[in-house]
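Trainee: Supplied in structure tokens, the structure appears directly below.
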Amino acid sequence: MMAVGRFRSLSAGRGRAPGFTLLDLLVALAALSALAGVVVAHAKTAREKAGLARCTANLQQVGHAVLSFCEENEQTLPGTNDTAPNNLWWWYKEPVKDHLGLTGPSSADDLVFACPADRGYSDSTPFHRNPRFDFGSYVFNGVTLPGLPNIAGLPLSSVKKTPRTLLVMEWTAHAPLSWHRSKTGRKNMPFYCDAESVVAFVDGNVSFSRIYYDGYNAAYTRDPVSGYEYQYSAN
């Protein structure tokens with residue numbers, strides 16, 4: 001009888017599950033936290049890639065619209081006489097937008113002109129939601145201030161290096177900053193060299209390019225030094 005009782009006691013001891021300790025709980029919470037961090041990071045990366053792809057596709061269409069405008073206007077790029085009396089680098093949109101099926105006044109619904117990562121600059125709203133910038137994230141290589149390189153109003157035939165010469169681009173290429181791989185987070189200052197922007201060239205191609213900054217002057221005020229794959233001037 002004693003042996004049977006001892007056997008039952010041992011069996012009962014073996015059948016009891018060990019308790020869930022505080023240490024076990026902490027380990028489980030740490031594992032869940034790490035997993036959540038991985039999921040969030042992957043989701044953020046996926047959103048960023050999707051935004052860059054959308055922006056690239058948009059700029060491809062906008063660039064083709066500018067070239068279609070040229071075909072209908074004696075192979076001549078948009079100039080100051082083709083737009084409302086505003087800055088050509090933003091308001092080039094007006095003479096070219098019908099080539100994208102847009103009619104009527106410009107608005108924030110013109111999504112082909114909107115970069116998903118656009119965070120604006122001096123204003124708190126993105127450029128593509130701001131009427132001051134004709135509801136667009138992308139600018140034309142047409143800053144016509146004295147002494148600055150640009151292609152406003154030129155015949156296409158005068159652009160000698162079409163695979164290098166910028167046609168339209170994210171506004172950040174004029175700074176330079178980057179909306180897609182920012183080194184300043186959500187801040188728009190300071191400008192920095194090799195910030196990457198989506199840009200379209202006169203030959204119709206689009207790329208995600210490094211933009212040169214000399215530390216003093218905004219990028220659009222000069223062509224880059226050697227080693228970069230773009231230029232603002234037509235020569």
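Identifiers in this document derive from the order of the structure tokens: chains are assigned A, B, ..., residues are numbered from 1 separately in each chain, and ligands are numbered from 1 in order of occurrence.
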List the neighbours of range 204-211 of chain A out to 7 Å using only C-alpha atoms; skip same-chain residues closer than 3 positions along the sequence, and give me the result as a PyMOL selection string.

Mentor: chain A and resi 56+60+63-64+173+176+193-201

Trainee: Tell me which protein, DNA and RNA residues are within 12 Å of Arg54 in chain A, counting only C-alpha atoms, leaving out same-chain ones fewer than 4 positions away, and put them as a VMD selection string.

Mentor: chain A and resid 47 to 50 58 to 61 111 to 118 180 198

Trainee: In Å, how far is it from CA of Ala53 in chain A to CA of Tyr220 in chain A?

Mentor: 24.2 Å

Trainee: Calculate how many Å separate CA of Gly120 in chain A from CA of Val139 in chain A, rounding to one decimal.

Mentor: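 CA of Gly120 in chain A sits 12.7 Å away from CA of Val139 in chain A.
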
Trainee: Quick one: contact table of range 109-191 of chain A to range 86-90 of chain A, 7 Å max, nearest atom pair and distance in Å to one decimal per residue, counting only C-alpha atoms, chain and number order, as CSV?

Mentor:
```
residue,atom,partner,partner_atom,distance
A:Phe133,CA,A:Trp90,CA,5.9
A:Asp134,CA,A:Trp90,CA,6.5
A:Val139,CA,A:Trp89,CA,5.1
A:Phe140,CA,A:Trp89,CA,4.5
A:Asn141,CA,A:Trp89,CA,6.2
A:Gly142,CA,A:Trp89,CA,4.9
A:Val143,CA,A:Trp89,CA,5.6
```

Trainee: Pick the closest to Gly51 in chain A from A:Tyr92, A:Tyr213, A:Trp179, A:Phe135: which is it, counting only C-alpha atoms?

Mentor: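 Answer, going by the shortest atom-to-atom distance: A:Trp179.
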
Trainee: Mind checking which residues fall within 9 Å of range 155-164 of chain A, counting only C-alpha atoms, ignoring those fewer than 4 positions away in the same chain, and posting them as a short mmCIF file (atom, residue, chain, number, x, y, z; two decimals) with C-alpha atoms, in the first residue's frame?

Mentor:
```
data_model
loop_
_atom_site.label_atom_id
_atom_site.label_comp_id
_atom_site.auth_asym_id
_atom_site.auth_seq_id
_atom_site.Cartn_x
_atom_site.Cartn_y
_atom_site.Cartn_z
CA CYS A 70 6.35 71.00 -77.33
CA GLU A 74 6.70 74.14 -82.94
CA GLN A 75 8.99 71.96 -80.81
CA THR A 76 9.36 74.75 -78.24
CA LEU A 77 9.45 74.35 -74.47
CA ILE A 151 15.43 75.90 -70.59
CA PHE A 201 15.03 64.67 -68.30
CA VAL A 202 14.41 66.20 -71.70
CA ASP A 203 14.84 62.79 -73.35
CA GLY A 204 11.82 61.50 -71.39
CA ASN A 205 13.66 59.38 -68.85
CA GLU A 229 24.32 62.97 -63.96
CA TYR A 230 22.21 66.06 -64.53
CA GLN A 231 22.40 69.72 -65.46
CA TYR A 232 20.03 72.70 -65.55
CA SER A 233 21.52 74.42 -68.59
CA ALA A 234 20.77 73.47 -72.19
CA ASN A 235 24.40 73.44 -73.38
#
```
